[in-house]
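Following: one structure in structure tokens, then a few remarks.
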Amino acid sequence: MVALLVAVAGAVGAVARFLTDAAVQDRRRGTFPFGTLTVNYVGSFILGAITGLAWYHGLGGRAHTVVGVGFCGAFTTWSSVTWETVRLAEDGLGRQALLTMLGGVATALAAAAFGIVLVAVL
Amino acid sequence: MTPAHPFRGSDRRWRMGAAAGGERLPLDPDLEPGSDSIAPADTTTAPRRVPLPVRRGHPAVVAAIAVGGALGALSRYEVAVTWPVGSGHFPVSTFAINTSGAFLLGFILTVSMERERRRAPIWRYIRLFACVGFLGSWTTMSTIAVETDSLIRGAAWAMALAYLAATISAGIAAAVMGTATGRLHRRAGVVTERGDR
């Protein structure tokens, strides 16, 4: 049952990532992948928040799994980040490549920490 | 009313792409190939993106991504359940998932670009299903972030740093190898087709 819910949440997360990424990128010029950065930031914040809810407010394991593993896992992506880093580097855009990778990881870490802390103090 | 074709003006676009030739891999795997190719270094044209030619809300596009996304999340869930990682330990299952996904995206995206360019439209759906849906869902950034935060919270600083360093370096290496393997595969394919004629 949990596995089925994880799959459904994964489908929703993947489609939401596709639409969000495209919508963000429509509003940007240039080659920097703001769309991927956005989904990873938002998804990491949500996972941080529900992890905080599980730690400090007794959120159930099932809800945590379905939203965390299903939705957040599918909404955020790592393969796109590595692909974009390599492609930008190949095109001679070393600084953007570095920013995509290190900036992407740093903002996701900060977003997750922010989510956990926000829920902890509430 | 017949629904619109999921890809806008596709045949012409792809014929032009084929005639132009050269390396036209997208910068963002969620976007249409060729739509965000940057200008060559020797021109003065500024790098730019053009809007996504895929009809985003089209049922076929959404279905391909949704099915891939469901399978990706389910697979990752099963792996996480089968190989649980204790707190303070190196998150080996997430590491394996993300590194394998980086390799596969490099490989499949590179191959599918070439197939689509040769007007094999099924590859558009394979790309949406496998790359945007499955691999995007199989790999995850949010879990990396929360696992690293948990390691830091447990004062396992060295482990947190090792996890990030391993994930980043292996991810880049895997993407490079996947792309290179895809190009190798593609060249092999060209040779075979010529031989067939």
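Residue numbers start at 1 in each chain; chains themselves are named A, B, ... in the order of the structure tokens; ligands are numbered from 1 in the order shown.
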
Interface list for chain B, partner chain A, 7 Å threshold, only C-alpha atoms, as a ChimeraX atom specification: /B:27-31,47-49,51,62,65-67,69-71,73-74,77,98,101-102,105-106,133,135-143,145-146,149,171-172,175-176

Ile126 in chain B surroundings by only C-alpha atoms, 10 Å radius, close-in-sequence under 6 positions cut, as a list of chain:residue names: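 My list of contacting residues is B:Ala64, B:Ile65, B:Gly68, B:Ile108, B:Leu109, B:Ser112, B:Glu116, B:Val132, B:Gly133.
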